[in-house]
$ cat start.tsv   # TSV, C-alpha atoms
chain	number	residue	atom	x	y	z
U	152	MET	CA	16.97	-18.22	-74.69
U	153	THR	CA	18.65	-17.78	-71.34
U	154	THR	CA	22.09	-19.29	-70.95
U	155	ARG	CA	24.05	-20.10	-67.79
U	156	HIS	CA	26.38	-17.08	-68.25
U	157	ASP	CA	23.53	-14.56	-68.21
U	158	ARG	CA	22.44	-15.60	-64.79
U	159	ARG	CA	23.30	-13.26	-61.92
U	160	ALA	CA	23.82	-14.77	-58.50
U	161	GLY	CA	21.81	-13.12	-55.66
U	162	SER	CA	23.16	-12.06	-52.25
U	163	THR	CA	23.27	-14.70	-49.65
U	164	LEU	CA	21.68	-14.27	-46.23
U	165	THR	CA	25.16	-14.06	-44.68
U	166	GLU	CA	26.13	-11.18	-46.96
U	167	VAL	CA	22.92	-9.33	-46.12
U	168	LEU	CA	23.48	-9.72	-42.40
U	169	VAL	CA	27.09	-8.54	-42.67
U	170	SER	CA	25.99	-5.49	-44.68
U	171	LEU	CA	23.32	-4.64	-42.12
U	172	PHE	CA	25.87	-4.96	-39.30
U	173	VAL	CA	28.35	-2.64	-41.06
U	174	MET	CA	25.62	-0.11	-41.83
U	175	ALA	CA	24.30	-0.21	-38.24
U	176	ALA	CA	27.80	0.32	-36.84
U	177	ARG	CA	28.38	3.31	-39.10
U	178	MET	CA	24.96	4.79	-38.35
U	179	THR	CA	25.59	4.38	-34.61
U	180	ALA	CA	28.90	6.18	-34.97
U	181	LEU	CA	27.19	8.93	-36.96
U	182	LEU	CA	24.37	9.35	-34.44
U	183	THR	CA	26.82	9.75	-31.56
U	184	LEU	CA	28.07	12.93	-33.22
U	185	PHE	CA	24.77	14.69	-32.53
U	186	PRO	CA	24.81	14.52	-28.69
U	187	LEU	CA	28.56	15.18	-28.68
U	188	GLY	CA	27.97	18.20	-30.87
U	189	ALA	CA	25.19	19.41	-28.56
U	190	LEU	CA	27.50	19.07	-25.57
U	191	LYS	CA	30.23	20.99	-27.37
U	192	ILE	CA	27.80	23.76	-28.30
U	193	ALA	CA	26.54	23.96	-24.71
U	194	GLN	CA	30.13	24.20	-23.45
U	195	MET	CA	30.91	26.91	-26.02
U	196	VAL	CA	27.87	28.91	-24.90
U	197	LYS	CA	28.90	28.51	-21.26
U	198	ASP	CA	32.48	29.59	-21.99
U	199	ASP	CA	31.21	32.62	-23.89
U	200	ARG	CA	28.80	33.61	-21.11
U	201	THR	CA	31.39	33.21	-18.36
U	202	ALA	CA	33.93	35.26	-20.32
U	203	GLN	CA	31.35	38.01	-20.87
U	204	THR	CA	30.47	37.99	-17.18
U	205	ALA	CA	34.15	38.23	-16.21
U	206	GLY	CA	34.64	41.16	-18.57
U	207	GLN	CA	31.61	42.92	-17.11
U	208	ALA	CA	32.89	42.27	-13.58
U	209	ASP	CA	36.34	43.58	-14.45
U	210	ALA	CA	34.94	46.85	-15.84
U	211	THR	CA	32.55	47.29	-12.91
U	212	MET	CA	35.24	46.77	-10.27
U	213	ARG	CA	37.75	49.06	-11.98
U	214	MET	CA	35.29	51.91	-12.32
U	215	TYR	CA	34.11	51.40	-8.73
U	216	TRP	CA	37.66	51.24	-7.35
U	217	LYS	CA	38.71	54.42	-9.12
U	218	ALA	CA	35.57	56.46	-8.37
U	219	ASN	CA	34.63	55.31	-4.86
U	220	ILE	CA	37.90	54.24	-3.28
U	221	GLU	CA	40.83	55.82	-5.10
U	222	GLN	CA	39.47	59.27	-5.93
U	223	SER	CA	37.01	59.76	-3.05
U	224	VAL	CA	35.95	58.46	0.34
U	225	ASN	CA	32.58	57.19	-0.85
U	226	ASP	CA	33.41	53.63	0.21
U	227	GLN	CA	35.50	53.18	3.36
U	228	VAL	CA	34.13	49.72	4.22
U	229	LEU	CA	36.06	47.73	1.60
U	230	PRO	CA	39.45	49.42	2.28
U	231	LEU	CA	39.00	48.84	6.01
U	232	ALA	CA	38.23	45.14	5.52
U	233	LEU	CA	41.62	44.69	3.85
U	234	ILE	CA	43.43	45.62	7.05
U	235	ASP	CA	40.89	45.03	9.84
U	236	PRO	CA	38.04	42.71	8.77
U	237	ARG	CA	36.68	42.37	12.33
U	238	ASN	CA	35.90	46.09	12.57
U	239	PRO	CA	32.71	47.04	10.68
U	240	ASN	CA	33.17	50.74	11.55
U	241	PRO	CA	35.28	52.45	8.85
U	242	GLN	CA	36.10	55.41	11.07
U	243	SER	CA	39.47	53.90	11.98
U	244	GLU	CA	40.56	53.42	8.36
U	245	PRO	CA	43.14	56.03	7.24
U	246	GLN	CA	41.43	58.22	4.68
U	247	HIS	CA	42.57	58.68	1.10
U	248	PRO	CA	43.65	61.10	-0.24
U	249	ALA	CA	45.90	62.01	2.67
U	250	THR	CA	44.59	65.59	2.78
U	251	PHE	CA	41.12	64.40	3.79
U	252	SER	CA	40.38	65.14	7.42
U	253	THR	CA	38.38	62.82	9.65
U	254	ALA	CA	37.87	65.47	12.33
U	255	ALA	CA	34.59	66.72	10.85
U	256	LEU	CA	33.17	63.29	9.95
U	257	SER	CA	32.14	60.15	11.70
U	258	PHE	CA	31.34	56.98	9.79
U	259	VAL	CA	28.92	54.30	10.90
U	260	ILE	CA	27.31	51.22	9.41
U	261	SER	CA	23.62	50.59	9.87
U	262	ASN	CA	23.00	47.51	12.04
U	263	PRO	CA	26.53	46.01	12.02
U	264	PRO	CA	26.38	42.18	11.99
U	265	THR	CA	27.86	40.03	14.73
U	266	LEU	CA	31.54	39.20	14.23
U	267	THR	CA	32.68	35.62	14.77
U	268	PRO	CA	36.49	35.13	14.57
U	269	SER	CA	38.51	36.34	17.54
U	270	ALA	CA	40.87	39.29	17.32
U	271	ALA	CA	43.76	36.88	17.91
U	272	ASN	CA	42.85	34.97	14.75
U	273	MET	CA	42.51	38.07	12.57
U	274	PRO	CA	44.26	41.05	14.20
U	275	ARG	CA	44.35	44.50	12.62
U	276	LEU	CA	47.41	44.92	10.41
U	277	GLN	CA	50.00	47.34	11.74
U	278	ALA	CA	52.44	49.66	9.97
U	279	SER	CA	55.18	47.07	10.48
U	280	GLU	CA	53.33	44.82	8.02
U	281	ASN	CA	53.06	47.37	5.21
U	282	ASN	CA	55.35	45.26	3.02
U	283	ARG	CA	53.21	42.16	3.55
U	284	ALA	CA	49.97	41.21	1.79
U	285	SER	CA	46.69	42.49	3.21
U	286	TYR	CA	43.75	40.29	4.10
U	287	PRO	CA	41.91	38.97	1.05
U	288	VAL	CA	38.32	40.19	0.79
U	289	LEU	CA	35.54	38.65	-1.32
U	290	VAL	CA	33.45	41.42	-2.89
U	291	ASP	CA	30.08	39.70	-3.28
U	292	PRO	CA	26.97	41.94	-3.27
U	293	LEU	CA	24.60	39.14	-4.30
U	294	GLY	CA	26.00	36.76	-1.69
U	295	ASP	CA	25.75	39.51	0.92
U	296	LEU	CA	22.06	40.10	0.21
U	297	ALA	CA	21.34	36.37	0.44
U	298	ARG	CA	22.64	36.18	4.02
U	299	ILE	CA	22.04	37.72	7.42
U	300	ASN	CA	24.11	38.57	10.51
U	301	ALA	CA	27.61	37.05	10.56
U	302	GLU	CA	26.95	35.15	7.34
U	303	LYS	CA	27.21	38.45	5.50
U	304	LEU	CA	30.72	39.16	6.74
U	305	TRP	CA	32.43	35.78	6.51
U	306	VAL	CA	32.72	33.34	3.60
U	307	GLY	CA	31.59	29.87	4.60
U	308	GLN	CA	30.02	30.97	7.89
U	309	ARG	CA	26.75	29.32	6.85
U	310	SER	CA	28.06	25.82	6.51
U	311	TYR	CA	27.10	22.21	7.18
U	312	ASN	CA	28.51	22.42	10.73
U	313	PRO	CA	26.02	22.17	13.61
U	314	GLY	CA	27.75	25.11	15.30
U	315	PRO	CA	29.50	28.31	14.18
U	316	TYR	CA	33.05	28.05	12.93
U	317	THR	CA	35.19	30.43	15.04
U	318	GLY	CA	38.51	30.18	13.23
U	319	PRO	CA	39.86	32.82	10.81
U	320	MET	CA	37.79	33.18	7.65
U	321	ILE	CA	37.89	35.11	4.40
U	322	PRO	CA	35.86	38.32	4.93
U	323	ARG	CA	32.99	39.18	2.58
U	324	ARG	CA	31.90	42.72	1.76
U	325	THR	CA	29.39	44.33	-0.57
U	326	LEU	CA	29.58	47.48	-2.65
U	327	GLY	CA	27.85	50.71	-1.75
U	328	MET	CA	28.22	54.39	-1.01
U	329	MET	CA	28.79	56.63	1.98
U	330	THR	CA	25.61	58.70	2.12
U	331	PRO	CA	25.43	61.89	4.21
U	332	VAL	CA	22.82	61.94	6.95
U	333	ALA	CA	21.42	65.20	8.29
U	334	SER	CA	22.42	65.20	11.95
U	335	PRO	CA	22.93	68.70	13.28
U	336	PRO	CA	24.87	69.78	15.17
U	337	ALA	CA	28.30	68.80	13.82
U	338	PRO	CA	29.96	66.45	13.21
U	339	ARG	CA	28.28	65.49	10.00
U	340	ARG	CA	27.43	61.79	9.81
U	341	PHE	CA	27.84	59.47	6.85
U	342	VAL	CA	26.12	56.09	6.70
U	343	PHE	CA	27.29	53.31	4.42
U	344	GLN	CA	24.39	52.36	2.14
U	345	PRO	CA	25.06	48.95	0.57
U	346	PHE	CA	23.69	47.93	-2.80
U	347	ASN	CA	20.03	47.02	-2.74
U	348	SER	CA	18.77	43.98	-4.64
U	349	ALA	CA	18.15	45.91	-7.87
U	350	GLN	CA	21.63	47.46	-7.82
U	351	ALA	CA	23.35	44.18	-6.96
U	352	PHE	CA	21.37	42.21	-9.53
U	353	GLY	CA	21.98	44.83	-12.22
U	354	ASN	CA	25.71	45.12	-11.61
U	355	CYS	CA	26.68	41.58	-10.64
U	356	SER	CA	24.74	39.41	-13.10
U	357	LEU	CA	25.33	39.06	-16.82
U	358	ILE	CA	23.76	41.99	-18.65
U	359	GLU	CA	22.82	39.93	-21.70
U	360	ASP	CA	21.31	37.09	-19.65
U	361	LEU	CA	17.76	38.28	-20.24
U	362	ALA	CA	14.53	36.51	-19.34
U	363	PHE	CA	12.09	35.84	-22.20
U	364	ASN	CA	8.38	35.30	-22.60
U	365	THR	CA	6.98	32.20	-24.24
U	366	ASN	CA	6.64	34.11	-27.54
U	367	GLY	CA	10.38	34.83	-27.57
U	368	GLU	CA	10.18	38.50	-26.60
U	369	ALA	CA	12.31	39.87	-23.76
U	370	PHE	CA	10.40	40.05	-20.50
U	371	TYR	CA	9.93	43.52	-19.01
U	372	ASP	CA	9.08	44.02	-15.36
U	373	ARG	CA	6.36	46.66	-15.17
U	374	ALA	CA	4.94	45.68	-11.79
U	375	THR	CA	7.60	47.39	-9.68
U	376	GLN	CA	7.88	50.52	-11.76
U	377	PRO	CA	5.84	53.70	-11.28
U	378	PRO	CA	3.46	54.35	-14.17
U	379	SER	CA	5.59	57.23	-15.43
U	380	ALA	CA	8.83	55.18	-15.50
U	381	ALA	CA	10.00	53.02	-18.36
U	382	ALA	CA	9.77	49.28	-17.81
U	383	SER	CA	13.08	47.49	-17.20
U	384	ASN	CA	13.99	44.14	-18.68
U	385	THR	CA	14.55	41.26	-16.27
U	386	ARG	CA	17.70	39.16	-16.10
U	387	GLN	CA	17.70	35.47	-15.27
U	388	GLY	CA	20.72	35.72	-13.00
U	389	ILE	CA	22.10	32.38	-14.16
U	390	TYR	CA	25.58	33.87	-14.54
U	391	ASN	CA	26.75	36.14	-11.72
U	392	TRP	CA	30.08	37.09	-10.21
U	393	ALA	CA	32.12	37.95	-7.14
U	394	ALA	CA	35.66	39.35	-6.91
U	395	MET	CA	38.53	38.45	-4.57
U	396	ILE	CA	40.54	41.58	-3.72
U	397	GLN	CA	43.90	41.69	-1.91
U	398	ARG	CA	46.68	44.27	-1.67
U	399	PRO	CA	50.05	42.63	-2.46
U	400	ARG	CA	51.65	45.35	-0.31
U	401	ASN	CA	49.43	46.58	2.46
U	402	GLY	CA	51.29	49.90	2.52
U	403	ASP	CA	50.28	50.62	-1.08
U	404	ARG	CA	46.62	51.55	-0.69
U	405	THR	CA	46.14	52.20	-4.43
U	406	THR	CA	46.98	48.73	-5.78
U	407	ALA	CA	45.20	45.41	-5.29
U	408	THR	CA	45.15	42.09	-7.07
U	409	MET	CA	41.77	40.97	-8.42
U	410	THR	CA	40.43	37.51	-9.17
U	411	ILE	CA	36.97	37.21	-10.72
U	412	LEU	CA	34.74	34.28	-9.68
U	413	VAL	CA	31.98	33.49	-12.19
U	414	PHE	CA	29.10	31.33	-10.99
U	415	ASP	CA	26.81	29.30	-13.23
U	416	GLY	CA	23.45	28.59	-11.64
U	417	ARG	CA	24.16	30.06	-8.19
U	418	PRO	CA	20.86	31.41	-6.84
U	419	PRO	CA	21.58	35.17	-6.84
U	420	LEU	CA	19.55	36.06	-3.75
U	421	LEU	CA	19.36	32.69	-1.98
U	422	ALA	CA	21.92	31.04	0.31
U	423	VAL	CA	21.74	27.24	0.44
U	424	ASP	CA	23.33	25.45	3.40
U	425	GLY	CA	26.70	24.01	2.43
U	426	ASP	CA	26.93	25.72	-0.97
U	427	GLU	CA	29.80	27.78	0.39
U	428	THR	CA	32.03	25.86	2.80
U	429	VAL	CA	35.30	26.37	4.63
U	430	ILE	CA	37.13	23.16	5.50
U	431	PRO	CA	39.77	23.46	8.25
U	432	ASN	CA	42.36	20.75	8.66
U	433	THR	CA	40.83	19.65	11.97
U	434	ASN	CA	37.09	20.18	12.13
U	435	PRO	CA	35.49	19.74	15.57
U	436	PHE	CA	32.01	19.12	14.14
U	437	VAL	CA	32.50	16.45	11.48
U	438	ASN	CA	35.22	14.02	10.49
U	439	THR	CA	36.83	16.41	8.05
U	440	SER	CA	40.46	16.77	7.10
U	441	VAL	CA	42.44	18.60	4.45
U	442	GLY	CA	44.83	15.69	4.22
U	443	SER	CA	48.03	16.08	2.24
U	444	TRP	CA	49.00	19.60	1.24
U	445	THR	CA	52.56	20.16	0.06
U	446	VAL	CA	53.98	23.20	-1.73
U	447	GLY	CA	54.92	22.28	-5.29
U	448	ASN	CA	52.68	19.18	-5.22
U	449	ARG	CA	49.41	18.75	-7.11
U	450	ASP	CA	47.78	16.05	-4.99
U	451	VAL	CA	45.23	16.96	-2.31
U	452	THR	CA	42.94	14.80	-0.19
U	453	LEU	CA	39.67	16.20	1.20
U	454	THR	CA	36.99	14.58	3.33
U	455	ILE	CA	33.62	16.32	3.45
U	456	PRO	CA	30.03	15.34	4.31
U	457	LEU	CA	28.12	13.62	1.53
U	458	ARG	CA	25.62	15.98	-0.11
U	459	SER	CA	22.17	14.90	-1.26
U	460	THR	CA	21.64	14.29	-4.96
U	461	ASP	CA	19.35	17.31	-5.35
U	462	LEU	CA	22.19	19.71	-4.44
U	463	PRO	CA	25.00	20.77	-6.78
U	464	PRO	CA	28.36	19.12	-6.05
U	465	LEU	CA	31.05	21.04	-4.21
U	466	ILE	CA	33.81	19.11	-5.94
U	467	ARG	CA	33.81	18.08	-9.59
U	468	ARG	CA	36.28	17.50	-12.35
U	469	GLY	CA	37.05	20.86	-13.96
U	470	GLY	CA	35.85	22.72	-10.83
U	471	TRP	CA	37.84	24.85	-8.41
U	472	ILE	CA	39.06	24.87	-4.82
U	473	MET	CA	40.59	27.81	-2.95
U	474	ASP	CA	43.41	27.83	-0.45
U	475	GLY	CA	42.16	30.49	1.98
U	476	THR	CA	44.62	29.80	4.80
U	477	ILE	CA	44.95	32.68	7.28
U	478	HIS	CA	47.55	32.25	10.02
U	479	ALA	CA	48.31	35.35	12.07
U	480	PRO	CA	51.62	34.24	13.73
U	481	ASN	CA	53.26	33.60	10.33
U	482	ASN	CA	51.51	36.49	8.53
U	483	VAL	CA	49.96	34.04	6.05
U	484	ARG	CA	46.94	35.40	4.18
U	485	ASN	CA	46.30	33.23	1.13
U	486	ALA	CA	43.63	33.44	-1.56
U	487	ASN	CA	44.84	31.02	-4.23
U	488	PHE	CA	42.54	29.14	-6.62
U	489	TYR	CA	43.27	25.74	-8.17
U	490	ARG	CA	41.40	23.91	-10.94
U	491	ILE	CA	40.65	20.22	-10.40
U	492	ALA	CA	42.10	18.24	-13.31
U	493	GLY	CA	41.14	14.78	-12.04
U	494	MET	CA	39.58	13.12	-9.02
U	495	THR	CA	38.56	9.88	-7.37
U	496	GLU	CA	36.03	9.57	-4.56
U	497	ILE	CA	35.25	7.05	-1.84
U	498	VAL	CA	32.00	7.22	0.15
U	499	SER	CA	32.20	6.06	3.77
U	500	ASN	CA	29.64	4.03	5.70
U	501	VAL	CA	29.77	6.20	8.82
U	502	THR	CA	26.81	8.26	10.08
U	503	PRO	CA	26.49	10.88	8.76
U	504	PRO	CA	28.17	9.62	5.58
U	505	THR	CA	31.26	11.38	4.27
U	506	VAL	CA	33.08	11.24	0.97
U	507	THR	CA	36.86	11.37	0.55
U	508	TYR	CA	38.21	12.97	-2.61
U	509	SER	CA	41.70	12.44	-3.99
U	510	LEU	CA	42.28	15.45	-6.22
U	511	ASP	CA	44.81	16.07	-8.96
U	512	LEU	CA	45.19	19.84	-9.38
U	513	GLU	CA	45.98	21.46	-12.70
U	514	THR	CA	48.79	23.58	-11.22
U	515	PRO	CA	51.17	22.92	-8.29
U	516	ILE	CA	50.38	24.38	-4.89
U	517	LYS	CA	51.89	27.85	-4.41
U	518	PRO	CA	54.01	28.83	-1.40
U	519	ASP	CA	52.31	30.76	1.40
U	520	ASN	CA	52.66	34.53	1.15
U	521	GLY	CA	53.68	34.98	4.81
U	522	THR	CA	56.99	35.26	6.63
U	523	ALA	CA	56.87	31.49	7.19
U	524	THR	CA	54.78	28.53	6.05
U	525	ALA	CA	51.51	27.97	7.90
U	526	PRO	CA	51.47	24.73	9.95
U	527	PRO	CA	49.36	21.86	8.56
U	528	ASN	CA	46.68	22.23	11.25
U	529	ALA	CA	46.07	25.84	10.12
U	530	ARG	CA	45.33	24.95	6.49
U	531	GLN	CA	41.90	25.96	5.17
U	532	ILE	CA	40.21	24.98	1.92
U	533	TYR	CA	37.12	26.77	0.54
U	534	LEU	CA	34.57	25.13	-1.74
U	535	PHE	CA	31.91	26.94	-3.79
U	536	ALA	CA	28.98	25.19	-5.46
U	537	GLY	CA	28.29	26.50	-8.96
U	538	LEU	CA	31.72	28.11	-9.37
U	539	SER	CA	32.21	27.80	-13.13
U	540	GLU	CA	35.38	29.75	-13.91
U	541	VAL	CA	38.05	31.79	-12.14
U	542	PHE	CA	39.81	34.64	-13.96
U	543	GLU	CA	42.99	36.25	-12.62
U	544	ARG	CA	42.82	39.84	-13.86
U	545	PRO	CA	45.44	42.63	-13.97
U	546	PRO	CA	45.72	44.49	-10.66
U	547	LEU	CA	43.49	47.38	-9.65
U	548	THR	CA	45.63	50.53	-9.71
U	549	ALA	CA	45.35	54.29	-9.42
U	550	ASP	CA	45.27	54.60	-13.22
U	551	ASN	CA	42.56	52.02	-13.53
U	552	PHE	CA	41.74	51.57	-17.17
U	553	VAL	CA	39.36	48.84	-18.24
U	554	GLN	CA	41.42	45.82	-19.26
U	555	PRO	CA	40.81	43.85	-22.47

$ encode --input "start.tsv" --output "structure tokens"
Amino acid sequence: MTTRHDRRAGSTLTEVLVSLFVMAARMTALLTLFPLGALKIAQMVKDDRTAQTAGQADATMRMYWKANIEQSVNDQVLPLALIDPRNPNPQSEPQHPATFSTAALSFVISNPPTLTPSAANMPRLQASENNRASYPVLVDPLGDLARINAEKLWVGQRSYNPGPYTGPMIPRRTLGMMTPVASPPAPRRFVFQPFNSAQAFGNCSLIEDLAFNTNGEAFYDRATQPPSAAASNTRQGIYNWAAMIQRPRNGDRTTATMTILVFDGRPPLLAVDGDETVIPNTNPFVNTSVGSWTVGNRDVTLTIPLRSTDLPPLIRRGGWIMDGTIHAPNNVRNANFYRIAGMTEIVSNVTPPTVTYSLDLETPIKPDNGTATAPPNARQIYLFAGLSEVFERPPLTADNFVQP
């Protein structure tokens, strides 16, 4: 016989609904961990790849500096660019070591590109400036191969402007070797042979960034190899690098600072309009301004043309901008990078449309390295699409050991 005490009350509809709501809330919170975890893993992979690329770039540049610049005269183009970027002929560069004689040699570059900035904007450095910083030079073999004519020699020359920018610009150079050319009678001629695409791709892209077949095996390129040669594996080129070089004292030819730029997704042999841009304070082609720029401050305002949605952004949170101000009267030759910690943007309704960014930099703006501060109308900002990380490395020196 069933009594009243043995009865067990069932759950009400309200209790069921509350339980379902609590369970759904907890399940939603649990499910959000999966995409967040995937994003964290992707960021960890990216950080690992960029660090590997920077380490590879550091080792490559140190070995190249010691073998081809410090201990020999194999490369006279890069040393010359540090003191006279408008002169593509390295004959006028003082040779190193000092005992090397230029009397029996003449140096030429095959098909020198057209130079854009005037000599007044970027004059050759004199002995009186030996205690000042040299010009900064971007060593960028992949970027060099992707461009032609003046675009090879100047960073940001291929820009969104409808006409060429004629102000001072950061020079770009590639790596290569001085190769002797048989030209009797004396003097013996040497021609600078820049890296070809295979050399640039092999040295300036991540070694471990291999391409794979659909079955998971590494892809080997046999089409371009002679039958007797071993097939070489193919790299994707997703991660590649460039290096900003500058002598802190122009008189010390053996020492230079080095900053490694690691790109994520930059087409290694393709230059896209606007992916590399110099923004002067007063731009005659578009309504562009650097805005506020104060030493010790972290706030910067930039106005640039609005890019289409199919192109990578030039400015993003966590990205980088570079102060590349060059002002000859005050001996200012900057190459300082700043990470963007935060930003707001306002799109204008003008034609063509522009976007104004208010940036909060991670570190305060450094003083200019010249004898005086550059005037506001001489300020120049450089933007690079796909620039993932910037690594300030120990200086290149005569005893150039690979750094950890």

$ residues_around --input "start.tsv" --residues "range 193-208 of chain U" --least-positions-apart "4" --cutoff "7 Å" --atoms "all atoms listed in the file" --output "list of chain:residue names"
U:Ala189, U:Met212, U:Cys355, U:Leu357, U:Tyr390, U:Asn391, U:Trp392, U:Ile411, U:Val413, U:Glu540

$ atom_distance --input "start.tsv" --atom1 "CA of Gly318 in chain U" --atom2 "CA of Ser459 in chain U"
26.7 Å

$ residues_around --input "start.tsv" --residues "Leu289 in chain U" --least-positions-apart "3" --cutoff "7 Å" --atoms "all atoms listed in the file" --output "JSON, numbers by chain"
{"U": [322, 323, 324, 393, 394, 395, 396]}

$ residues_around --input "start.tsv" --residues "Asp519 in chain U" --least-positions-apart "3" --cutoff "10 Å" --atoms "all atoms listed in the file" --output "list in words"
Val446, Asp474, Thr476, Ile477, His478, Asn481, Asn482, Val483, Arg484, Asn485, Ala486, Asn487, Ile516, Thr522, Ala523, Thr524 and Ala525 of chain U

$ write_last_selection --input "start.tsv" --atoms "C-alpha atoms" --output "JSON list (two decimals), keeping the file's coordinate frame"
[["chain", "number", "residue", "atom", "x", "y", "z"],
["U", 446, "VAL", "CA", 53.98, 23.20, -1.73],
["U", 474, "ASP", "CA", 43.41, 27.83, -0.45],
["U", 476, "THR", "CA", 44.62, 29.80, 4.80],
["U", 477, "ILE", "CA", 44.95, 32.68, 7.28],
["U", 478, "HIS", "CA", 47.55, 32.25, 10.02],
["U", 481, "ASN", "CA", 53.26, 33.60, 10.33],
["U", 482, "ASN", "CA", 51.51, 36.49, 8.53],
["U", 483, "VAL", "CA", 49.96, 34.04, 6.05],
["U", 484, "ARG", "CA", 46.94, 35.40, 4.18],
["U", 485, "ASN", "CA", 46.30, 33.23, 1.13],
["U", 486, "ALA", "CA", 43.63, 33.44, -1.56],
["U", 487, "ASN", "CA", 44.84, 31.02, -4.23],
["U", 516, "ILE", "CA", 50.38, 24.38, -4.89],
["U", 522, "THR", "CA", 56.99, 35.26, 6.63],
["U", 523, "ALA", "CA", 56.87, 31.49, 7.19],
["U", 524, "THR", "CA", 54.78, 28.53, 6.05],
["U", 525, "ALA", "CA", 51.51, 27.97, 7.90]]

$ atom_distance --input "start.tsv" --atom1 "CA of Ala407 in chain U" --atom2 "CA of Asn225 in chain U"
17.8 Å

$ closest_residue --input "start.tsv" --among "U:Thr514, U:Thr165, U:Asp291, U:Val423" --to "Asp461 in chain U" --atoms "all atoms listed in the file"
U:Val423

$ residues_around --input "start.tsv" --residues "Val429 in chain U" --least-positions-apart "4" --cutoff "9 Å" --atoms "all atoms listed in the file" --output "list in words"
Val306, Gly307, Gln308, Ser310, Tyr316, Met320, Gly475, Gln531, Ile532, Tyr533 and Leu534 of chain U

$ atom_distance --input "start.tsv" --atom1 "CA of Leu510 in chain U" --atom2 "CA of Arg468 in chain U"
8.8 Å

$ residues_around --input "start.tsv" --residues "Ala549 in chain U" --least-positions-apart "2" --cutoff "8 Å" --atoms "all atoms listed in the file" --output "ChimeraX atom specification"
/U:217,221,405-406,547,551

$ write_last_selection --input "start.tsv" --atoms "C-alpha atoms" --output "PDB file, in the frame of the given file"
ATOM      1  CA  LYS U 217      38.710  54.420  -9.120  1.00  0.00           C
ATOM      2  CA  GLU U 221      40.830  55.820  -5.100  1.00  0.00           C
ATOM      3  CA  THR U 405      46.140  52.200  -4.430  1.00  0.00           C
ATOM      4  CA  THR U 406      46.980  48.730  -5.780  1.00  0.00           C
ATOM      5  CA  LEU U 547      43.490  47.380  -9.650  1.00  0.00           C
ATOM      6  CA  ASN U 551      42.560  52.020 -13.530  1.00  0.00           C
TER       7      ASN U 551
END

$ closest_residue --input "start.tsv" --among "U:Leu412, U:Ala232, U:Leu293, U:Leu421" --to "Phe488 in chain U" --atoms "only C-alpha atoms"
U:Leu412

$ closest_residue --input "start.tsv" --among "U:Ala351, U:Met473, U:Met494, U:Ala176" --to "Arg530 in chain U" --atoms "all atoms listed in the file"
U:Met473

$ decode --input "start.tsv" --residues "range 184-195 of chain U" --atoms "N, CA and C atoms" --output "short mmCIF file (atom, residue, chain, number, x, y, z; two decimals), in the first residue's frame"
data_model
loop_
_atom_site.label_atom_id
_atom_site.label_comp_id
_atom_site.auth_asym_id
_atom_site.auth_seq_id
_atom_site.Cartn_x
_atom_site.Cartn_y
_atom_site.Cartn_z
N LEU U 184 35.74 28.51 -25.48
CA LEU U 184 37.16 28.20 -25.24
C LEU U 184 37.82 27.62 -26.48
N PHE U 185 37.06 26.93 -27.32
CA PHE U 185 37.65 26.29 -28.50
C PHE U 185 38.16 27.32 -29.52
N PRO U 186 37.33 28.29 -29.97
CA PRO U 186 37.90 29.29 -30.90
C PRO U 186 38.98 30.14 -30.26
N LEU U 187 38.83 30.47 -28.95
CA LEU U 187 39.89 31.23 -28.29
C LEU U 187 41.18 30.44 -28.24
N GLY U 188 41.05 29.13 -27.98
CA GLY U 188 42.24 28.29 -27.98
C GLY U 188 42.88 28.20 -29.35
N ALA U 189 42.05 28.13 -30.41
CA ALA U 189 42.58 28.08 -31.77
C ALA U 189 43.31 29.37 -32.11
N LEU U 190 42.75 30.51 -31.67
CA LEU U 190 43.42 31.79 -31.91
C LEU U 190 44.75 31.86 -31.17
N LYS U 191 44.77 31.36 -29.94
CA LYS U 191 46.01 31.38 -29.17
C LYS U 191 47.07 30.49 -29.82
N ILE U 192 46.64 29.33 -30.31
CA ILE U 192 47.59 28.43 -30.97
C ILE U 192 48.13 29.06 -32.24
N ALA U 193 47.23 29.70 -33.02
CA ALA U 193 47.69 30.37 -34.24
C ALA U 193 48.69 31.48 -33.92
N GLN U 194 48.43 32.24 -32.85
CA GLN U 194 49.35 33.30 -32.47
C GLN U 194 50.68 32.73 -32.00
N MET U 195 50.63 31.59 -31.28
CA MET U 195 51.87 30.96 -30.84
C MET U 195 52.69 30.47 -32.03
#
